[in-house]
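Text of the file model.txt, holding compact mmCIF, C-alpha atoms and all ligand atoms:
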# COMPACT_ATOMS: atom_id res chain seq x y z
CA MET A 1 79.77 -5.21 -0.04
CA ASN A 2 79.19 -2.32 -2.45
CA LEU A 3 76.11 -0.21 -1.82
CA ASP A 4 76.64 2.25 -4.69
CA PHE A 5 74.64 1.76 -7.84
CA ASP A 6 76.69 1.25 -10.99
CA ASP A 7 75.95 2.88 -14.36
CA GLU A 8 73.86 -0.08 -15.42
CA ALA A 9 71.63 0.24 -12.35
CA ILE A 10 71.28 3.99 -12.85
CA ALA A 11 70.25 3.44 -16.50
CA PHE A 12 67.78 0.77 -15.35
CA ILE A 13 66.19 3.18 -12.85
CA ALA A 14 65.81 5.79 -15.59
CA GLU A 15 64.27 3.26 -17.99
CA VAL A 16 61.70 2.12 -15.44
CA ARG A 17 60.85 5.68 -14.43
CA THR A 18 60.35 6.75 -18.04
CA PHE A 19 58.05 3.78 -18.65
CA VAL A 20 55.95 4.49 -15.56
CA ARG A 21 55.58 8.18 -16.37
CA ALA A 22 54.49 7.35 -19.94
CA ASN A 23 52.08 4.54 -19.07
CA LEU A 24 50.53 5.04 -15.63
CA ALA A 25 47.08 6.66 -15.83
CA PRO A 26 47.16 10.03 -14.01
CA GLU A 27 43.88 9.23 -12.18
CA THR A 28 45.35 5.98 -10.85
CA LYS A 29 48.49 7.77 -9.70
CA ALA A 30 46.41 10.49 -8.03
CA ARG A 31 44.37 7.90 -6.17
CA VAL A 32 47.49 6.05 -4.95
CA LEU A 33 49.06 9.32 -3.82
CA LEU A 34 45.95 10.13 -1.81
CA GLY A 35 46.46 6.84 -0.01
CA HIS A 36 43.51 4.99 -1.56
CA LEU A 37 43.68 1.44 -2.81
CA PRO A 38 43.31 1.47 -6.59
CA ASP A 39 40.32 -0.59 -7.70
CA ARG A 40 40.56 -3.88 -9.52
CA GLU A 41 40.01 -2.28 -12.93
CA GLU A 42 42.86 0.20 -12.40
CA ARG A 43 45.19 -2.49 -11.15
CA THR A 44 44.34 -4.72 -14.08
CA VAL A 45 45.00 -1.99 -16.65
CA TRP A 46 48.34 -1.22 -15.03
CA GLN A 47 49.33 -4.87 -14.65
CA ARG A 48 48.55 -5.57 -18.31
CA ALA A 49 50.71 -2.61 -19.35
CA LEU A 50 53.56 -4.16 -17.36
CA VAL A 51 52.90 -7.60 -18.87
CA ALA A 52 53.01 -6.12 -22.38
CA ARG A 53 56.43 -4.64 -21.53
CA GLY A 54 57.62 -8.02 -20.15
CA TRP A 55 57.72 -6.66 -16.59
CA GLY A 56 54.53 -8.23 -15.23
CA ALA A 57 56.19 -10.61 -12.78
CA PRO A 58 59.59 -9.24 -11.72
CA ALA A 59 60.35 -12.07 -9.28
CA TRP A 60 59.23 -14.99 -11.44
CA PRO A 61 61.70 -17.17 -13.31
CA VAL A 62 62.00 -16.52 -17.04
CA GLU A 63 60.24 -19.79 -17.97
CA HIS A 64 57.10 -18.54 -16.25
CA GLY A 65 57.18 -15.06 -17.77
CA GLY A 66 59.65 -13.27 -15.47
CA PRO A 67 62.15 -10.77 -16.94
CA GLY A 68 65.22 -12.57 -15.56
CA TRP A 69 66.24 -9.68 -13.35
CA SER A 70 68.74 -9.81 -10.52
CA VAL A 71 67.57 -9.23 -6.95
CA VAL A 72 69.01 -5.70 -7.21
CA GLN A 73 66.98 -4.91 -10.32
CA ARG A 74 63.84 -6.26 -8.66
CA TYR A 75 64.45 -4.06 -5.65
CA LEU A 76 65.04 -0.99 -7.82
CA PHE A 77 61.94 -1.73 -9.90
CA ASP A 78 59.72 -1.95 -6.79
CA GLU A 79 61.18 1.23 -5.36
CA VAL A 80 60.74 3.28 -8.54
CA LEU A 81 57.15 2.09 -8.91
CA SER A 82 56.39 3.05 -5.30
CA GLU A 83 58.04 6.44 -5.67
CA GLU A 84 56.03 7.12 -8.82
CA GLY A 85 52.69 6.19 -7.23
CA ALA A 86 52.04 3.02 -9.26
CA PRO A 87 49.61 0.45 -7.80
CA SER A 88 51.38 -2.35 -5.97
CA ALA A 89 51.35 -5.80 -7.55
CA PRO A 90 48.42 -8.10 -6.72
CA VAL A 91 50.41 -9.70 -3.95
CA PHE A 92 48.27 -12.72 -3.04
CA GLY A 93 48.39 -14.39 -6.45
CA MET A 94 51.67 -13.01 -7.71
CA SER A 95 53.95 -13.12 -4.66
CA MET A 96 52.36 -15.74 -2.43
CA LEU A 97 50.50 -18.43 -4.35
CA ALA A 98 52.53 -18.41 -7.56
CA PRO A 99 55.91 -19.31 -5.97
CA VAL A 100 54.24 -22.14 -4.05
CA LEU A 101 52.62 -23.51 -7.22
CA MET A 102 55.95 -23.29 -9.07
CA ARG A 103 57.55 -25.42 -6.39
CA TYR A 104 54.76 -27.74 -5.23
CA GLY A 105 51.90 -27.43 -7.77
CA THR A 106 50.97 -29.97 -10.45
CA PRO A 107 52.07 -29.26 -14.05
CA GLU A 108 48.43 -28.55 -14.86
CA GLN A 109 48.06 -26.03 -12.01
CA VAL A 110 51.23 -24.30 -13.17
CA ALA A 111 50.10 -24.23 -16.82
CA VAL A 112 46.58 -23.02 -16.10
CA LEU A 113 46.83 -20.83 -13.01
CA LEU A 114 50.11 -18.92 -13.45
CA PRO A 115 49.17 -17.14 -16.70
CA ARG A 116 45.81 -16.22 -15.17
CA ILE A 117 47.57 -14.75 -12.11
CA LEU A 118 50.01 -12.82 -14.29
CA ASN A 119 47.24 -11.26 -16.37
CA ILE A 120 44.87 -10.78 -13.41
CA ASP A 121 42.28 -13.02 -15.05
CA ASP A 122 42.01 -14.51 -11.56
CA TRP A 123 42.14 -12.25 -8.55
CA TRP A 124 43.23 -14.30 -5.53
CA CYS A 125 42.78 -13.63 -1.86
CA GLN A 126 44.44 -15.29 1.13
CA GLY A 127 42.34 -17.29 3.59
CA PHE A 128 44.76 -18.05 6.40
CA SER A 129 43.73 -16.10 9.53
CA GLU A 130 40.72 -17.12 11.61
CA PRO A 131 39.26 -15.91 14.87
CA ASN A 132 41.79 -17.36 17.39
CA ALA A 133 44.29 -18.27 14.69
CA GLY A 134 46.32 -15.22 13.63
CA SER A 135 49.77 -15.12 15.24
CA ASP A 136 49.11 -18.74 16.22
CA LEU A 137 48.25 -19.65 12.64
CA ALA A 138 48.57 -23.41 13.05
CA ALA A 139 45.48 -23.28 15.30
CA VAL A 140 43.18 -22.94 12.26
CA ARG A 141 39.91 -24.79 12.71
CA THR A 142 38.33 -24.55 9.27
CA ARG A 143 38.04 -28.19 8.25
CA ALA A 144 37.89 -30.04 4.96
CA ARG A 145 36.90 -33.68 4.59
CA LEU A 146 37.14 -35.84 1.49
CA ASP A 147 33.80 -37.06 0.18
CA GLY A 148 34.44 -39.18 -2.93
CA ASP A 149 36.31 -36.95 -5.34
CA GLU A 150 35.43 -33.72 -3.53
CA TRP A 151 36.65 -31.74 -0.54
CA VAL A 152 33.84 -30.47 1.66
CA ILE A 153 34.80 -27.34 3.62
CA ASN A 154 33.26 -25.85 6.76
CA GLY A 155 34.52 -22.99 8.90
CA GLN A 156 35.41 -19.31 8.94
CA LYS A 157 38.25 -17.05 7.84
CA ILE A 158 38.72 -13.44 8.97
CA TRP A 159 40.58 -10.31 7.85
CA THR A 160 40.51 -11.62 4.29
CA THR A 161 41.78 -8.68 2.25
CA LEU A 162 39.71 -7.95 -0.88
CA ALA A 163 37.73 -11.21 -0.64
CA HIS A 164 34.76 -9.22 -1.88
CA GLN A 165 36.58 -8.61 -5.18
CA ALA A 166 38.32 -11.95 -5.50
CA ASP A 167 37.61 -14.80 -7.92
CA ARG A 168 39.47 -17.39 -5.88
CA ILE A 169 40.85 -17.94 -2.39
CA PHE A 170 43.71 -20.13 -1.20
CA CYS A 171 42.87 -21.46 2.25
CA LEU A 172 44.83 -23.11 5.02
CA VAL A 173 42.49 -25.76 6.42
CA ARG A 174 42.65 -28.77 8.68
CA THR A 175 42.27 -32.02 6.72
CA GLU A 176 43.42 -34.46 9.44
CA ASP A 177 43.65 -34.49 13.22
CA ALA A 178 47.27 -34.88 14.26
CA PRO A 179 49.26 -34.88 17.51
CA LYS A 180 51.08 -31.66 16.48
CA LYS A 181 48.87 -28.79 15.29
CA GLN A 182 51.31 -27.99 12.46
CA GLU A 183 50.55 -31.42 11.00
CA GLY A 184 47.35 -32.37 9.17
CA LEU A 185 46.93 -28.98 7.48
CA SER A 186 46.43 -28.46 3.74
CA ILE A 187 46.12 -25.58 1.29
CA LEU A 188 43.01 -25.71 -0.87
CA LEU A 189 42.24 -23.62 -3.96
CA ILE A 190 38.61 -22.51 -3.86
CA SER A 191 36.43 -20.50 -6.26
CA MET A 192 34.69 -17.64 -4.48
CA ASP A 193 31.46 -18.36 -6.36
CA ALA A 194 31.23 -21.90 -4.96
CA PRO A 195 27.84 -22.46 -3.29
CA GLY A 196 28.08 -22.16 0.51
CA ILE A 197 30.56 -19.22 0.65
CA THR A 198 29.40 -16.02 2.34
CA VAL A 199 31.54 -12.87 2.44
CA LYS A 200 30.77 -10.26 5.10
CA PRO A 201 32.53 -6.87 5.09
CA ILE A 202 34.59 -5.55 8.00
CA ILE A 203 34.76 -1.76 7.88
CA THR A 204 38.09 -0.60 9.25
CA ILE A 205 38.78 2.44 11.43
CA ASP A 206 39.38 4.65 8.36
CA GLY A 207 35.90 3.84 7.04
CA ALA A 208 37.24 1.67 4.21
CA HIS A 209 36.07 -1.76 3.08
CA GLU A 210 39.27 -3.68 2.55
CA VAL A 211 38.88 -6.75 4.76
CA ASN A 212 36.17 -9.35 5.25
CA GLU A 213 34.96 -12.39 7.06
CA VAL A 214 34.53 -15.44 4.81
CA PHE A 215 32.25 -18.28 5.88
CA PHE A 216 32.25 -21.80 4.42
CA ASP A 217 29.14 -23.94 4.79
CA GLU A 218 29.47 -27.37 3.14
CA VAL A 219 31.46 -25.86 0.28
CA ARG A 220 32.43 -28.50 -2.30
CA ILE A 221 35.48 -28.37 -4.55
CA SER A 222 37.26 -30.97 -6.64
CA ALA A 223 39.72 -33.22 -4.79
CA GLY A 224 42.41 -32.00 -7.21
CA ASP A 225 42.13 -28.37 -6.03
CA ILE A 226 44.83 -28.79 -3.40
CA VAL A 227 48.44 -27.64 -3.32
CA GLY A 228 50.89 -30.54 -3.13
CA GLU A 229 50.08 -33.30 -0.67
CA ALA A 230 47.28 -33.29 1.90
CA GLY A 231 48.64 -32.76 5.41
CA LYS A 232 51.77 -30.85 4.29
CA GLY A 233 50.07 -27.45 4.23
CA TRP A 234 52.16 -26.01 7.06
CA ASP A 235 55.38 -26.46 5.09
CA TYR A 236 53.82 -24.81 2.05
CA ALA A 237 52.38 -21.99 4.18
CA LYS A 238 55.82 -21.25 5.65
CA TYR A 239 57.32 -21.22 2.17
CA LEU A 240 54.54 -18.94 0.96
CA LEU A 241 54.87 -16.46 3.84
CA GLY A 242 58.66 -16.32 3.71
CA HIS A 243 58.97 -15.97 -0.02
CA GLU A 244 58.80 -12.29 -0.84
CA ARG A 245 61.25 -10.29 1.22
CA THR A 246 62.94 -7.51 -0.68
CA GLY A 247 59.97 -5.10 -0.83
CA ILE A 248 59.06 -5.57 2.80
CA ALA A 249 60.42 -2.23 4.09
CA ARG A 250 58.47 -0.05 1.62
CA VAL A 251 61.39 2.34 1.27
CA GLY A 252 60.11 3.81 -2.01
CA GLN A 253 56.72 4.53 -0.52
CA SER A 254 58.17 6.23 2.57
CA LYS A 255 60.57 8.22 0.38
CA ARG A 256 57.63 9.44 -1.70
CA GLU A 257 55.58 10.31 1.39
CA ILE A 258 58.44 12.21 3.07
CA GLY A 259 58.73 14.20 -0.17
CA ARG A 260 55.02 15.02 0.10
CA LEU A 261 55.45 15.92 3.78
CA LYS A 262 58.21 18.41 2.91
CA GLU A 263 56.08 20.03 0.20
CA LEU A 264 53.18 20.30 2.60
CA ALA A 265 55.34 21.76 5.36
CA ALA A 266 56.68 24.35 2.91
CA ALA A 267 53.18 25.34 1.76
CA THR A 268 51.54 25.39 5.21
CA VAL A 269 51.75 28.62 7.19
CA ARG A 270 51.34 28.36 10.93
CA GLY A 271 52.06 31.06 13.48
CA GLY A 272 53.12 33.45 10.70
CA ARG A 273 55.76 31.19 9.13
CA ALA A 274 56.02 28.11 6.98
CA LEU A 275 55.72 24.94 9.01
CA ARG A 276 59.08 23.78 7.73
CA GLU A 277 60.67 26.81 9.44
CA ASP A 278 59.27 25.68 12.77
CA PRO A 279 62.32 24.14 14.48
CA VAL A 280 60.30 21.41 16.19
CA PHE A 281 58.57 20.33 12.98
CA ALA A 282 61.79 20.68 10.95
CA ASN A 283 63.50 18.42 13.47
CA ARG A 284 60.71 15.89 13.09
CA ILE A 285 61.14 15.82 9.31
CA ALA A 286 64.91 15.46 9.69
CA SER A 287 64.49 12.54 12.10
CA LEU A 288 62.18 10.79 9.64
CA GLU A 289 64.73 11.27 6.87
CA VAL A 290 67.49 9.82 9.05
CA GLU A 291 65.29 6.81 9.82
CA LEU A 292 64.52 6.42 6.12
CA ARG A 293 68.20 6.50 5.20
CA ALA A 294 69.02 3.88 7.83
CA LEU A 295 66.18 1.71 6.57
CA GLU A 296 67.31 2.08 2.98
CA LEU A 297 70.88 1.12 3.87
CA THR A 298 69.70 -1.93 5.82
CA THR A 299 67.54 -2.94 2.86
CA LEU A 300 70.44 -2.49 0.47
CA ARG A 301 72.66 -4.57 2.73
CA MET A 302 70.10 -7.36 2.59
CA VAL A 303 69.66 -7.02 -1.18
CA SER A 304 73.42 -7.04 -1.64
CA ALA A 305 73.78 -10.18 0.52
CA LEU A 306 70.96 -11.96 -1.34
CA HIS A 307 72.55 -10.93 -4.64
CA ALA A 308 75.79 -12.55 -3.49
CA GLY A 309 73.87 -15.78 -2.80
CA ALA A 310 73.50 -15.56 0.99
CA PRO A 311 70.34 -17.04 2.51
CA PRO A 312 67.77 -14.54 3.87
CA GLY A 313 68.75 -13.58 7.43
CA PRO A 314 67.08 -11.75 10.31
CA GLU A 315 67.24 -8.44 8.38
CA ALA A 316 63.82 -9.23 6.90
CA ASN A 317 62.26 -9.14 10.38
CA ILE A 318 64.07 -5.90 11.23
CA LEU A 319 62.90 -4.36 7.97
CA LYS A 320 59.30 -5.36 8.63
CA ILE A 321 59.40 -3.68 12.06
CA ARG A 322 61.23 -0.50 11.10
CA GLY A 323 59.55 -0.17 7.68
CA SER A 324 56.05 -0.37 9.16
CA GLU A 325 56.91 2.00 12.01
CA LEU A 326 58.34 4.54 9.58
CA GLN A 327 55.25 4.35 7.36
CA GLN A 328 53.12 5.05 10.42
CA ASP A 329 55.34 7.89 11.67
CA VAL A 330 55.36 9.62 8.28
CA ALA A 331 51.58 9.32 7.97
CA GLU A 332 51.20 10.83 11.43
CA ALA A 333 53.48 13.76 10.55
CA ILE A 334 51.49 14.43 7.36
CA MET A 335 48.23 14.37 9.31
CA ASP A 336 49.70 16.73 11.92
CA ALA A 337 50.90 19.07 9.16
CA TRP A 338 47.30 19.35 7.93
CA GLY A 339 46.26 20.12 11.50
CA GLY A 340 42.53 20.52 12.16
CA ALA A 341 41.77 20.29 8.41
CA ALA A 342 42.47 16.55 8.65
CA PHE A 343 39.24 16.19 10.59
CA GLY A 344 37.49 17.80 7.60
CA PRO A 345 34.33 19.82 7.28
CA THR A 346 31.25 17.78 8.10
CA GLU A 347 30.24 17.70 4.40
CA ASP A 348 33.48 15.83 3.59
CA ALA A 349 32.24 12.26 3.73
CA GLY A 350 35.70 10.77 3.27
CA GLY A 351 35.91 7.79 0.93
CA LEU A 352 37.28 8.24 -2.56
CA GLU A 353 36.14 11.86 -2.78
CA ALA A 354 37.94 12.91 0.40
CA SER A 355 39.96 16.12 0.38
CA PRO A 356 43.75 15.64 0.64
CA ALA A 357 43.61 16.66 4.32
CA VAL A 358 40.91 14.12 5.20
CA ALA A 359 42.64 11.50 3.03
CA ALA A 360 45.77 12.07 5.17
CA ALA A 361 43.77 11.22 8.30
CA MET A 362 42.27 8.16 6.60
CA THR A 363 45.76 7.00 5.63
CA TYR A 364 46.98 7.51 9.18
CA PHE A 365 44.19 5.27 10.49
CA ASN A 366 44.50 2.75 7.66
CA LEU A 367 48.22 2.28 8.28
CA ARG A 368 47.60 0.94 11.80
CA LYS A 369 47.39 -2.34 9.88
CA VAL A 370 51.00 -2.46 8.70
CA SER A 371 52.36 -3.39 12.12
CA ILE A 372 49.77 -6.18 12.39
CA TYR A 373 49.46 -8.02 9.09
CA GLY A 374 52.18 -10.23 7.62
CA GLY A 375 53.12 -11.24 11.18
CA SER A 376 52.67 -8.55 13.85
CA ASN A 377 55.68 -6.55 15.00
CA GLU A 378 55.62 -8.30 18.38
CA ILE A 379 55.93 -11.64 16.59
CA GLN A 380 58.79 -10.23 14.47
CA ARG A 381 60.54 -9.18 17.70
CA ASN A 382 60.06 -12.66 19.13
CA ILE A 383 61.70 -14.14 16.03
CA LEU A 384 64.62 -11.71 16.36
CA ALA A 385 64.99 -12.50 20.05
CA ARG A 386 65.24 -16.20 19.23
CA SER A 387 67.44 -15.96 16.15
CA LEU A 388 69.82 -13.17 17.22
CA LEU A 389 69.86 -13.43 20.99
CA GLY A 390 69.05 -17.12 21.46
CA LEU A 391 66.25 -16.26 23.91
C1 LIG A 401 44.28 -4.91 7.47
C2 LIG A 401 44.59 -6.37 7.64
C3 LIG A 401 44.59 -7.19 6.54
C4 LIG A 401 44.79 -8.56 6.69
N1 LIG A 401 44.71 -9.36 5.59
C5 LIG A 401 44.77 -10.70 5.73
C6 LIG A 401 44.53 -11.57 4.63
O1 LIG A 401 44.28 -11.13 3.50
N2 LIG A 401 44.54 -12.91 4.85
C7 LIG A 401 44.82 -13.43 6.06
O2 LIG A 401 44.85 -14.67 6.18
N3 LIG A 401 45.05 -12.65 7.15
C8 LIG A 401 45.02 -11.29 7.01
N4 LIG A 401 45.23 -10.47 8.09
C9 LIG A 401 45.39 -11.08 9.40
C10 LIG A 401 46.75 -10.88 10.03
O3 LIG A 401 47.69 -11.76 9.48
C11 LIG A 401 46.55 -11.10 11.53
O4 LIG A 401 45.76 -10.04 12.01
C12 LIG A 401 47.86 -11.13 12.30
O5 LIG A 401 48.58 -12.28 11.99
C13 LIG A 401 47.63 -11.06 13.81
O6 LIG A 401 46.73 -12.05 14.20
P1 LIG A 401 45.45 -11.71 15.08
O7 LIG A 401 44.73 -10.56 14.44
O8 LIG A 401 44.69 -12.96 15.28
O9 LIG A 401 45.99 -11.17 16.45
P2 LIG A 401 46.54 -12.05 17.66
O10 LIG A 401 47.42 -13.13 17.14
O11 LIG A 401 45.39 -12.45 18.53
O12 LIG A 401 47.43 -11.01 18.40
C14 LIG A 401 46.87 -9.96 19.23
C15 LIG A 401 48.01 -9.16 19.82
O13 LIG A 401 48.81 -10.01 20.64
C16 LIG A 401 50.15 -9.99 20.19
N5 LIG A 401 50.72 -11.34 20.30
C17 LIG A 401 50.15 -12.50 19.87
N6 LIG A 401 50.97 -13.54 20.14
C18 LIG A 401 52.07 -13.02 20.75
C19 LIG A 401 53.27 -13.59 21.24
N7 LIG A 401 53.52 -14.89 21.17
N8 LIG A 401 54.19 -12.76 21.80
C20 LIG A 401 53.97 -11.41 21.85
N9 LIG A 401 52.84 -10.80 21.39
C21 LIG A 401 51.91 -11.61 20.85
C22 LIG A 401 50.09 -9.58 18.73
O14 LIG A 401 51.29 -8.97 18.31
C23 LIG A 401 48.94 -8.58 18.75
O15 LIG A 401 49.40 -7.32 19.18
C24 LIG A 401 45.06 -9.09 7.96
C25 LIG A 401 45.09 -8.24 9.08
C26 LIG A 401 44.86 -6.90 8.93
C27 LIG A 401 44.87 -6.01 10.13
Write-out of the structure in C-alpha cells:
Amino acid sequence: MNLDFDDEAIAFIAEVRTFVRANLAPETKARVLLGHLPDREERTVWQRALVARGWGAPAWPVEHGGPGWSVVQRYLFDEVLSEEGAPSAPVFGMSMLAPVLMRYGTPEQVAVLLPRILNIDDWWCQGFSEPNAGSDLAAVRTRARLDGDEWVINGQKIWTTLAHQADRIFCLVRTEDAPKKQEGLSILLISMDAPGITVKPIITIDGAHEVNEVFFDEVRISAGDIVGEAGKGWDYAKYLLGHERTGIARVGQSKREIGRLKELAAATVRGGRALREDPVFANRIASLEVELRALELTTLRMVSALHAGAPPGPEANILKIRGSELQQDVAEAIMDAWGGAAFGPTEDAGGLEASPAVAAAMTYFNLRKVSIYGGSNEIQRNILARSLLGL
C-alpha cells in the first residue's frame, strides 16, 4: 500500500483547486465557511459550473456523464472542494438515488431522471425515516396500495432534509404485509406537488430550517413510479445507503475548520496573550490535528484498498464515527475560542446574517446531527462489534 500521492495526483489537486478558485462565487464560499447551508440557487449555479467542466458527477460511470476518475481522484476532488468551501453535492439525487436507478431502474427512468439529477432540474429528498423507524428502518409504516394503475400512499416521514425545497422524494414504503419486516417494502418516486402531501418544518436546535415532517394523505402516483420490483425495496435501500463511502469522514472539511481554528486562536487575545500561546488551548489544537491526521490516514488506507479492487470493509463505519466526532470537536473548539461572543449580542438574530462568532455557535449546535444521521454512531459501533469482534 502506497499512501503518498504521485506527480499525477499532485497535478490533479492543483487543477481542481485552480478551477474552484476561478469559478466558485465568493458569496457562496463565504456562506459555506460560516457554516450555513448554501441555498438551492447557489448550489445549482455551482453544480452547473461543474457539469460544464465535465465534473458534475465524479462517482458516476462515463456513460452517464461521469468523468471516469479513479477512486483516488474522486477522493481528492471531494477533499479539495471541501477545503475550498464549495457547496457539497446534492447528495440525495446524486449519491443515493442515481446509483440505485443505474442498477435497478428502467431504461426510461435512467434516460429521464439521471440528466435531471445531474443538472439539478430535479431536487430530490429522502423519505426513509419515520417516527419509530429510524435505526430500525425496516419498521416503516407508510403504506402504498395499488389501485388500478396507481399507487395510493398514506403515512408519515420525519427528519426529511430539505423536503421544503425538493421537487421529488424517494420513499421507502410498505406495499405488502410479510412475515419478515424487511420483506414487502418498496421504493416509490413521488412528486412533492402531488395532491395530499403536506410538509411541516422542524426547527433544529441551531434555529435553522433544514428538516421536516412529510405527511401523505391518499397521495396518488403512477404505478410505474417505483424502483425495480415491488417488495424488494429493502435490498435497494441497503444498496442505496451503502453506496457512497469515500467522502464519509469529511477530512477536507475538518482540515479547513482546523485551519480556521488556528487563525482564530492566533487573532484572539485572552489573559494578555494570544489564545494559541495558552498551553491548554494549544494542546487542544494539537490533539485535534493528531486526530485529523489519523483519520486522513485511515481514509487513505480505505481509498487505497478500494483502488486495488478490495470490497468496502469495516473502515467505513470507523470513518463515520471518528469523522463525525472530529467535526463536532473542532466546532466546539471554535465556539470556545470565540468565548462569550458566541452567545452574541441580543440584536444578533442569528440566521444568515449572524456574526462569525454566533455562526460558530450555530454550527456547533447544528453538527449534533452528524453523529445521528446516516446511521447513528451507536449503530455504527454495533456493526463494528458484529463484523470485527463477532459479538
Ligand atoms: C439533521 C438530520 C437530518 C436527517 N435527514 C434525513 C433525511 O433526509 N431522510 C431520512 O429518511 N432520514 C433523515 N434523518 C433521520 C436519521 O436517519 C435518523 O434520525 C437516524 O437513523 C436515527 O433514527 P431515530 O432518529 O429514529 O432514532 P432512534 O433509532 O430512535 O435512536 C435513538 C437513540 O437510540 C440509539 N439506538 C437505537 N437503536 C440502537 C441499538 N440497536 N443499539 C444501540 N443504540 C441504539 C440511537 O443511536 C440513538 O442514540 C435525519 C436525521 C437528522 C438528525
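Proximity to ligand LIG 401 (chain A) was assessed for A:Leu24, A:Ile197, A:Ala359, A:Leu240 counting all atoms listed in the file; the smallest distance is recorded for A:Leu240.
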Original post:
Using only C-alpha atoms and all ligand atoms, what are the residues with an atom within 9 Å of ligand LIG 401 (chain A), set out as a ChimeraX atom specification?
Top reply: /A:92,125-137,157-163,171-172,204,210-212,366-382
Original post:
So which residues touch region 55-64 of chain A within 8 Å, counting only C-alpha atoms, skipping near sequence neighbours fewer than 5 positions away, as a PyMOL selection string?
Top reply: chain A and resi 47-50+69+74+94-95+99+114+118-119
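One distance worth recording is that between CA of Gly68 (chain A) and CA of Leu97 (chain A), which is 19.4 Å.
Note that CA of Gly228 (chain A) and CA of Asp147 (chain A) are 18.6 Å apart.
Take CA of Leu319 (chain A) and CA of Ala249 (chain A): the distance between them is 5.1 Å.
Of the residues under consideration (A:Ile153, A:Leu391, A:Ile202, A:Leu189), A:Ile153 shows the shortest atom-to-atom contact distance to Asp217 (chain A) when counting all atoms listed in the file.
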Would you write out, as a tab-separated table, a table of all residues in region 221-315 of chain A that have an atom no more than 12 Å from an atom of region 321-331 of chain A, listing for each the closest atom pair and the distance in Å to one decimal, considering only C-alpha atoms and ordering rows by chain and rising residue number?
residue	atom	partner	partner_atom	distance
A:Thr246	CA	A:Gly323	CA	11.6
A:Gly247	CA	A:Gly323	CA	9.8
A:Ile248	CA	A:Gly323	CA	7.3
A:Ala249	CA	A:Gly323	CA	4.2
A:Arg250	CA	A:Gly323	CA	6.2
A:Val251	CA	A:Gly323	CA	7.1
A:Gly252	CA	A:Gly323	CA	10.5
A:Gln253	CA	A:Gln327	CA	8.0
A:Ser254	CA	A:Gln327	CA	5.9
A:Lys255	CA	A:Val330	CA	9.6
A:Arg256	CA	A:Val330	CA	10.2
A:Glu257	CA	A:Val330	CA	6.9
A:Ile258	CA	A:Val330	CA	6.6
A:Gly259	CA	A:Val330	CA	10.2
A:Arg260	CA	A:Val330	CA	9.8
A:Leu261	CA	A:Val330	CA	7.7
A:Lys262	CA	A:Val330	CA	10.7
A:Arg284	CA	A:Val330	CA	9.5
A:Ile285	CA	A:Val330	CA	8.5
A:Ala286	CA	A:Val330	CA	11.3
A:Ser287	CA	A:Asp329	CA	10.3
A:Leu288	CA	A:Val330	CA	7.1
A:Glu289	CA	A:Val330	CA	9.6
A:Val290	CA	A:Leu326	CA	10.6
A:Glu291	CA	A:Leu326	CA	7.3
A:Leu292	CA	A:Leu326	CA	7.3
A:Arg293	CA	A:Leu326	CA	11.0
A:Ala294	CA	A:Arg322	CA	9.5
A:Leu295	CA	A:Gly323	CA	7.0
A:Glu296	CA	A:Gly323	CA	9.3
A:Thr298	CA	A:Arg322	CA	10.1
A:Thr299	CA	A:Gly323	CA	9.7
A:Pro314	CA	A:Ile321	CA	11.3
A:Glu315	CA	A:Ile321	CA	9.9
**OP:** Using all atoms listed in the file, determine which residues lie at most 8 Å from region 333-337 of chain A, disregarding the query and same-chain residues fewer than 5 positions distant; provide the list as an MDAnalysis selection string.
**Re:** chainID A and resid 261 264:265 268 275 284 342 357 360:361 364
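In this comparison, which uses only C-alpha atoms, the residue of A:Glu150, A:Glu8, A:Glu79, A:Glu183 approaching Glu229 (chain A) most closely is A:Glu183.
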Original post:
So, counting all atoms listed in the file, which residue among A:Ala166, A:Ala230, A:Val32, A:Val72 is closest to Ser304 (chain A)?
Top reply: A:Val72
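If you measure from each of A:Arg53, A:His209, A:Arg386, A:Arg145 to Ala223 (chain A) using all atoms listed in the file, the closest one turns out to be A:Arg145.
Minimum atom-to-atom distances from A:Lys200, A:Lys238, A:His164, A:Lys181 to Asp39 (chain A) were compared using all atoms listed in the file, and the lowest value belongs to A:His164.
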Subject >> Sphere at (30.7, -15.6, 7.7), radius 8 Å, counting only C-alpha atoms: residues as a ChimeraX atom specification >> reply: /A:156-157,197-200,213-216
Those same residues - C-alpha atoms - I'd like them written as a PDB file, in the frame of the given file.
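What follows is the written file part-v5.pdb:
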ATOM      1  CA  GLN A 156      35.410 -19.310   8.940  1.00  0.00           C
ATOM      2  CA  LYS A 157      38.250 -17.050   7.840  1.00  0.00           C
ATOM      3  CA  ILE A 197      30.560 -19.220   0.650  1.00  0.00           C
ATOM      4  CA  THR A 198      29.400 -16.020   2.340  1.00  0.00           C
ATOM      5  CA  VAL A 199      31.540 -12.870   2.440  1.00  0.00           C
ATOM      6  CA  LYS A 200      30.770 -10.260   5.100  1.00  0.00           C
ATOM      7  CA  GLU A 213      34.960 -12.390   7.060  1.00  0.00           C
ATOM      8  CA  VAL A 214      34.530 -15.440   4.810  1.00  0.00           C
ATOM      9  CA  PHE A 215      32.250 -18.280   5.880  1.00  0.00           C
ATOM     10  CA  PHE A 216      32.250 -21.800   4.420  1.00  0.00           C
TER      11      PHE A 216
END
